[in-house]
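So this block is my_file-v6.cif, mmCIF, C-alpha atoms:
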```
data_data
loop_
_atom_site.label_atom_id
_atom_site.label_comp_id
_atom_site.auth_asym_id
_atom_site.auth_seq_id
_atom_site.Cartn_x
_atom_site.Cartn_y
_atom_site.Cartn_z
CA MET A 26 -26.04 -9.97 -10.41
CA PRO A 27 -25.48 -7.23 -7.83
CA LYS A 28 -22.55 -4.88 -8.09
CA ILE A 29 -19.36 -5.92 -6.28
CA LYS A 30 -18.57 -3.54 -3.43
CA THR A 31 -15.11 -2.07 -2.99
CA ARG A 32 -13.41 -2.58 0.37
CA ARG A 33 -13.11 1.01 1.56
CA ALA A 34 -10.10 0.32 3.79
CA ALA A 35 -8.17 -1.00 0.79
CA ALA A 36 -9.31 1.90 -1.41
CA LYS A 37 -7.72 4.33 1.04
CA ARG A 38 -4.40 2.46 1.03
CA PHE A 39 -3.81 1.47 -2.59
CA THR A 40 -3.94 3.32 -5.90
CA LYS A 41 -3.81 1.71 -9.31
CA THR A 42 -1.02 2.83 -11.65
CA GLY A 43 -1.32 3.27 -15.39
CA SER A 44 0.26 -0.12 -16.04
CA GLY A 45 -2.23 -1.87 -13.74
CA GLU A 46 0.00 -2.34 -10.71
CA PHE A 47 -0.91 -1.10 -7.23
CA LYS A 48 1.01 1.60 -5.40
CA ARG A 49 1.28 1.56 -1.59
CA ASN A 50 2.97 3.48 1.20
CA LYS A 51 5.57 1.85 3.42
CA ALA A 52 4.97 0.88 7.03
CA PHE A 53 7.00 1.70 10.20
CA LYS A 54 7.08 5.48 9.72
CA SER A 55 4.61 6.62 12.38
CA HIS A 56 6.51 6.39 15.69
CA ILE A 57 9.75 5.23 17.36
CA LEU A 58 11.68 7.29 14.80
CA GLU A 59 14.59 8.30 17.03
CA LYS A 60 16.44 5.00 16.62
CA LYS A 61 15.93 4.84 12.85
CA SER A 62 18.61 6.36 10.67
CA PRO A 63 17.85 9.38 8.47
CA LYS A 64 18.49 7.27 5.37
CA ARG A 65 15.98 4.65 6.50
CA LYS A 66 13.34 7.28 7.32
CA ARG A 67 13.92 8.97 3.96
CA ASN A 68 13.37 5.68 2.13
CA LEU A 69 10.21 4.98 4.13
CA ARG A 70 8.70 8.18 2.71
CA LYS A 71 8.78 6.83 -0.83
CA ALA A 72 5.87 4.84 -2.20
CA THR A 73 6.44 1.38 -3.63
CA LEU A 74 4.50 -1.26 -5.55
CA VAL A 75 2.52 -4.14 -4.06
CA SER A 76 4.49 -7.39 -4.40
CA SER A 77 3.43 -10.00 -6.92
CA ALA A 78 2.53 -12.39 -4.06
CA ASP A 79 -0.06 -9.92 -2.71
CA TYR A 80 -1.29 -8.53 -6.02
CA SER A 81 -4.24 -10.91 -6.41
CA ARG A 82 -5.44 -10.22 -2.85
CA VAL A 83 -5.42 -6.45 -3.41
CA LYS A 84 -7.10 -6.85 -6.81
CA ARG A 85 -9.99 -8.79 -5.21
CA MET A 86 -10.54 -5.99 -2.67
CA LEU A 87 -10.62 -3.32 -5.40
CA PRO A 88 -12.79 -4.78 -8.17
CA ASN A 89 -13.34 -1.41 -9.86
CA GLY A 90 -9.71 -0.30 -9.76
#
```

Could you render the structure from this file as structure tokens?
Amino acid sequence: MPKIKTRRAAAKRFTKTGSGEFKRNKAFKSHILEKKSPKRKRNLRKATLVSSADYSRVKRMLPNG
């Protein structure tokens, strides 16, 4: 059996936590920031976890963690 390749695009976007979940950055923070409130922009800076619905898809793309 050949080795399973990691999807490089996914590897750049997700990191595995100690408990096995995947951490991701939030979207909508790159442009059109004038109309967004400071509170909303501040919360977009924080990382969050991948939802349980998407967990299996991310796990398939990153077979080696």

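Closest to A:Ile29 among A:Asp79, A:Lys51, A:Arg85, A:Glu59 is A:Arg85, based on all atoms listed in the file.
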
Practice prompt. Can you turn the PyMOL selection byres ((chain A and resi 53) around 12) into a concrete residue list for this file, as a VMD selection string?
Written response: chain A and resid 50 to 52 54 to 58 60 to 61 65 to 70

Practice prompt. Check which residues satisfy the PyMOL selection byres ((chain A and resi 38) around 12) in the file shown, then give them as a PyMOL selection string.
Written response: chain A and resi 32-37+39-41+47-52+72-75+83+86-87

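Our summary of the geometry notes that atom CA of A:Lys84 is positioned 15.6 Å from atom CA of A:Lys28.
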
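Between atom CA of A:Met26 and atom CA of A:Ala78 the interatomic distance comes to 29.4 Å.
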
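If you look at atom CA of A:Thr42 and atom CA of A:Ser76, they are 13.7 Å away from each other.
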